[in-house]
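Notes for the one structure printed next.
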Amino acid sequence: MLIRVEIPVDAAGIDALLRRAFGRDDEADLVQQLREDGLLTLGIVATDDQGGVVGYAAFSPVDVAGVDRQWVGLAPLAVDESLRRQGLGEKLIYEGLDALNEFSYAAVVVLGDPAYYGRFGFRAAAQYDLHCRWPGTETAFQVYPLAEDALNGVSGLVEYSAPFGRF
Ligand SMILES: CC(C)(COP(=O)(O)OP(=O)(O)OC[C@H]1O[C@@H](n2cnc3c(N)ncnc32)[C@H](O)[C@@H]1OP(=O)(O)O)[C@@H](O)C(=O)NCCC(=O)NCCS
């Protein structure tokens, strides 16, 4: 198993994995749109011995209260069903956080189960007065500061890019 930054040749494998893992087209279509619009800040893939894509994490830019603060959103995250619960999701996330940290991004937000993302250090965004526009996401919306002062004096609406508007 190899965990690495995605390259153009991975696109078809990522697309197939997302359709398989979510059992629908939304996430794959979203990633295609983000890629077309140049909004994929970072993509991390897990590949098997044959080079097939079996895991994927995408990061794309978000604004905070209308300002670009070098924050990104993690979405989607997927691991092939046959390979779940072996720490692949965890590796994808850590690799992504590491790379983003190296590139000096300031923070990462995610919409997901706190029981899962909490273990990586994501915390409820609401406690910092940060929210996203989807209703009922007060506990699911979380933030992970990469820079020490990333959350200081920052609050308000975290807005994902236009392709997310379709969801
Ligand atoms: C979520 C997902 C990426 C996790 O991948 P994974 O490789 O199994 O993750 P890990 O091995 O790092 O972690 C598995 C652990 O997290 C837990 N876990 C996995 N998904 C979870 C979830 N949605 N909520 C809470 N806990 C979860 C498992 O119970 C397991 O815990 P355990 O090892 O203590 O039993 C994978 O289940 C998946 O692709 N699901 C379908 C797509 C999806 O829902 N993606 C997330 C939303 S974008």
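For the structure tokens, the naming scheme is as follows: chains receive sequential letters (A, B, ...) according to their order of presentation, residues are indexed from 1 within each chain, and ligands are indexed from 1 in presentation order.
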Contacts to ligand 1 at 6 Å cut-off (only C-alpha atoms and all ligand atoms) as a ChimeraX atom specification: /A:21-22,75-79,84-90,112-113,115-116
Atoms to include: N, CA and C atoms. Write the selected residues as a compact mmCIF listing (two decimals), in the first residue's frame.
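Everything below was put into part.txt:
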# COMPACT_ATOMS: atom_id res chain seq x y z
N ALA A 21 -17.49 3.61 -3.14
CA ALA A 21 -17.47 3.76 -1.67
C ALA A 21 -18.74 4.41 -1.15
N PHE A 22 -19.28 5.38 -1.90
CA PHE A 22 -20.47 6.08 -1.43
C PHE A 22 -21.75 5.49 -2.01
N ALA A 75 -12.93 16.95 2.15
CA ALA A 75 -14.12 16.28 1.62
C ALA A 75 -13.91 15.99 0.14
N PRO A 76 -14.25 14.82 -0.29
CA PRO A 76 -14.66 13.67 0.51
C PRO A 76 -13.47 12.84 0.96
N LEU A 77 -13.77 11.90 1.87
CA LEU A 77 -12.79 10.92 2.33
C LEU A 77 -13.41 9.55 2.08
N ALA A 78 -12.68 8.67 1.45
CA ALA A 78 -13.23 7.34 1.19
C ALA A 78 -12.15 6.27 1.15
N VAL A 79 -12.53 5.10 1.64
CA VAL A 79 -11.64 3.93 1.58
C VAL A 79 -12.47 2.78 1.01
N ARG A 84 -11.48 -1.36 4.81
CA ARG A 84 -11.78 -0.44 5.93
C ARG A 84 -11.34 -1.03 7.26
N ARG A 85 -11.24 -0.16 8.25
CA ARG A 85 -10.88 -0.51 9.64
C ARG A 85 -9.48 -1.10 9.75
N GLN A 86 -8.62 -0.65 8.86
CA GLN A 86 -7.21 -1.07 8.95
C GLN A 86 -6.30 0.15 9.06
N GLY A 87 -6.91 1.29 9.33
CA GLY A 87 -6.12 2.49 9.51
C GLY A 87 -5.79 3.27 8.25
N LEU A 88 -6.40 2.87 7.12
CA LEU A 88 -6.10 3.59 5.87
C LEU A 88 -6.65 5.01 5.89
N GLY A 89 -7.88 5.13 6.40
CA GLY A 89 -8.47 6.47 6.50
C GLY A 89 -7.58 7.38 7.33
N GLU A 90 -7.11 6.83 8.43
CA GLU A 90 -6.23 7.58 9.32
C GLU A 90 -4.95 8.02 8.60
N GLY A 112 -18.35 15.87 9.56
CA GLY A 112 -18.36 14.41 9.72
C GLY A 112 -18.56 14.03 11.17
N ASP A 113 -18.45 12.75 11.45
CA ASP A 113 -18.70 12.24 12.78
C ASP A 113 -17.56 12.62 13.73
N ALA A 115 -16.83 11.39 16.49
CA ALA A 115 -16.21 10.19 17.06
C ALA A 115 -15.06 9.72 16.19
N TYR A 116 -15.16 9.98 14.90
CA TYR A 116 -14.08 9.60 13.99
C TYR A 116 -13.01 10.67 13.91
Residue set, chain A restricted to alpha helix (DSSP H), as a VMD selection string: chain A and resid 11 to 22 26 to 36 88 to 102 114 to 117
Surrounding residues of Gly52 of chain A excluding itself and chain neighbours under 2 positions, 12 Å, only C-alpha atoms, as a list in words: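 Using only C-alpha atoms, the neighbours found are Met1, Leu2, Ile3, Glu6, Val9, Asp10, Ala11, Ala12, Gly13, Ile14, Asp15, Ala16, Leu17, Val45, Ala46, Thr47, Asp48, Asp49, Gln50, Val54, Gly55, Tyr56 and Asp80 of chain A.
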Any chance you could export the current selection's N, CA and C atoms as a short mmCIF file (atom, residue, chain, number, x, y, z; two decimals), in the first residue's frame?
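Output file again_1.cif is given in full below:
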data_model
loop_
_atom_site.label_atom_id
_atom_site.label_comp_id
_atom_site.auth_asym_id
_atom_site.auth_seq_id
_atom_site.Cartn_x
_atom_site.Cartn_y
_atom_site.Cartn_z
N MET A 1 0.85 -1.20 0.00
CA MET A 1 0.00 0.00 0.00
C MET A 1 0.88 1.25 0.00
N LEU A 2 0.51 2.17 -0.86
CA LEU A 2 1.29 3.41 -0.94
C LEU A 2 0.34 4.59 -0.69
N ILE A 3 0.78 5.52 0.14
CA ILE A 3 -0.01 6.74 0.40
C ILE A 3 0.78 7.89 -0.20
N GLU A 6 -1.94 12.78 -5.10
CA GLU A 6 -2.49 12.30 -6.37
C GLU A 6 -1.78 12.94 -7.56
N VAL A 9 -2.86 10.85 -13.58
CA VAL A 9 -3.25 9.51 -14.02
C VAL A 9 -4.17 8.80 -13.01
N ASP A 10 -4.27 9.30 -11.79
CA ASP A 10 -5.13 8.70 -10.76
C ASP A 10 -6.60 9.05 -10.94
N ALA A 11 -6.91 10.03 -11.78
CA ALA A 11 -8.27 10.60 -11.81
C ALA A 11 -9.36 9.54 -12.02
N ALA A 12 -9.15 8.63 -12.96
CA ALA A 12 -10.19 7.62 -13.24
C ALA A 12 -10.37 6.68 -12.05
N GLY A 13 -9.27 6.30 -11.41
CA GLY A 13 -9.35 5.42 -10.25
C GLY A 13 -10.02 6.09 -9.07
N ILE A 14 -9.76 7.38 -8.88
CA ILE A 14 -10.41 8.15 -7.80
C ILE A 14 -11.91 8.19 -8.06
N ASP A 15 -12.26 8.47 -9.31
CA ASP A 15 -13.66 8.56 -9.69
C ASP A 15 -14.40 7.24 -9.39
N ALA A 16 -13.79 6.15 -9.79
CA ALA A 16 -14.42 4.84 -9.59
C ALA A 16 -14.52 4.51 -8.10
N LEU A 17 -13.46 4.81 -7.34
CA LEU A 17 -13.48 4.53 -5.90
C LEU A 17 -14.63 5.29 -5.22
N VAL A 45 -3.94 9.92 -2.26
CA VAL A 45 -4.47 8.60 -2.64
C VAL A 45 -3.74 7.50 -1.88
N ALA A 46 -4.46 6.41 -1.67
CA ALA A 46 -3.85 5.15 -1.26
C ALA A 46 -3.96 4.23 -2.46
N THR A 47 -2.84 3.63 -2.85
CA THR A 47 -2.89 2.72 -4.01
C THR A 47 -2.42 1.34 -3.60
N ASP A 48 -2.99 0.32 -4.24
CA ASP A 48 -2.59 -1.06 -3.95
C ASP A 48 -1.38 -1.44 -4.80
N ASP A 49 -0.97 -2.68 -4.71
CA ASP A 49 0.26 -3.11 -5.39
C ASP A 49 0.18 -2.98 -6.91
N GLN A 50 -1.05 -2.99 -7.43
CA GLN A 50 -1.23 -2.84 -8.89
C GLN A 50 -1.38 -1.37 -9.29
N VAL A 54 -7.37 2.82 -3.87
CA VAL A 54 -8.24 2.18 -2.89
C VAL A 54 -8.59 3.11 -1.73
N GLY A 55 -8.05 4.32 -1.76
CA GLY A 55 -8.39 5.30 -0.73
C GLY A 55 -8.14 6.69 -1.27
N TYR A 56 -8.92 7.65 -0.75
CA TYR A 56 -8.77 9.02 -1.27
C TYR A 56 -9.22 10.05 -0.24
N ASP A 80 -11.86 2.01 0.14
CA ASP A 80 -12.54 0.86 -0.44
C ASP A 80 -13.12 -0.02 0.68
#
Gap from atom CA of Thr41 of chain A to atom CA of Asp68 of chain A - Å, one decimal: 13.3 Å
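For the choices A:Ala124, A:Ala162, A:Ala106, A:Leu92, the atom-to-atom distance to Glu148 of chain A is smallest for A:Ala106 when using only C-alpha atoms.
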Using only C-alpha atoms, find each residue in segment 12-39 of chain A having at least one atom no more than 10 Å away from segment 58-63 of chain A; report its shortest atom-to-atom pair and that distance in Å (one decimal), rows by chain then rising number, as a Markdown table.
| residue | atom | partner | partner_atom | distance |
| --- | --- | --- | --- | --- |
| A:Val31 | CA | A:Ala58 | CA | 7.8 |
| A:Leu34 | CA | A:Ser60 | CA | 7.7 |
| A:Arg35 | CA | A:Ser60 | CA | 9.6 |
| A:Gly38 | CA | A:Ser60 | CA | 9.4 |
| A:Leu39 | CA | A:Ser60 | CA | 5.7 |
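Compared by their closest atoms to Ala99 of chain A, and using only C-alpha atoms, the residues A:Ala126, A:Leu40, A:Leu146, A:Val154 rank with A:Leu146 nearest.
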Per-residue DSSP, chain A, filtered to strand (DSSP E), as a PyMOL selection string: chain A and resi 2-5+42-47+53-64+67-79+107-111+123-124+130-131+141-145+156-160
Counting only C-alpha atoms, the residue of A:Gly51, A:Gly73, A:Gly156, A:Gly43 that sits nearest Gly96 of chain A: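 Counting only C-alpha atoms, the residue closest to Gly96 of chain A is A:Gly43.
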Separation of atom CA of Val53 of chain A from atom CA of Tyr160 of chain A in Å: 25.5 Å
Pick from A:Phe164, A:Tyr105, A:Tyr128, A:Tyr117, whichever lies nearest to Trp71 of chain A using only C-alpha atoms: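 Once distances to Trp71 of chain A are computed over only C-alpha atoms, the minimum belongs to A:Tyr105.
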Computed interatomic separation between atom CA of Asp29 of chain A and atom CA of Gly66 of chain A (Å): 25.4 Å
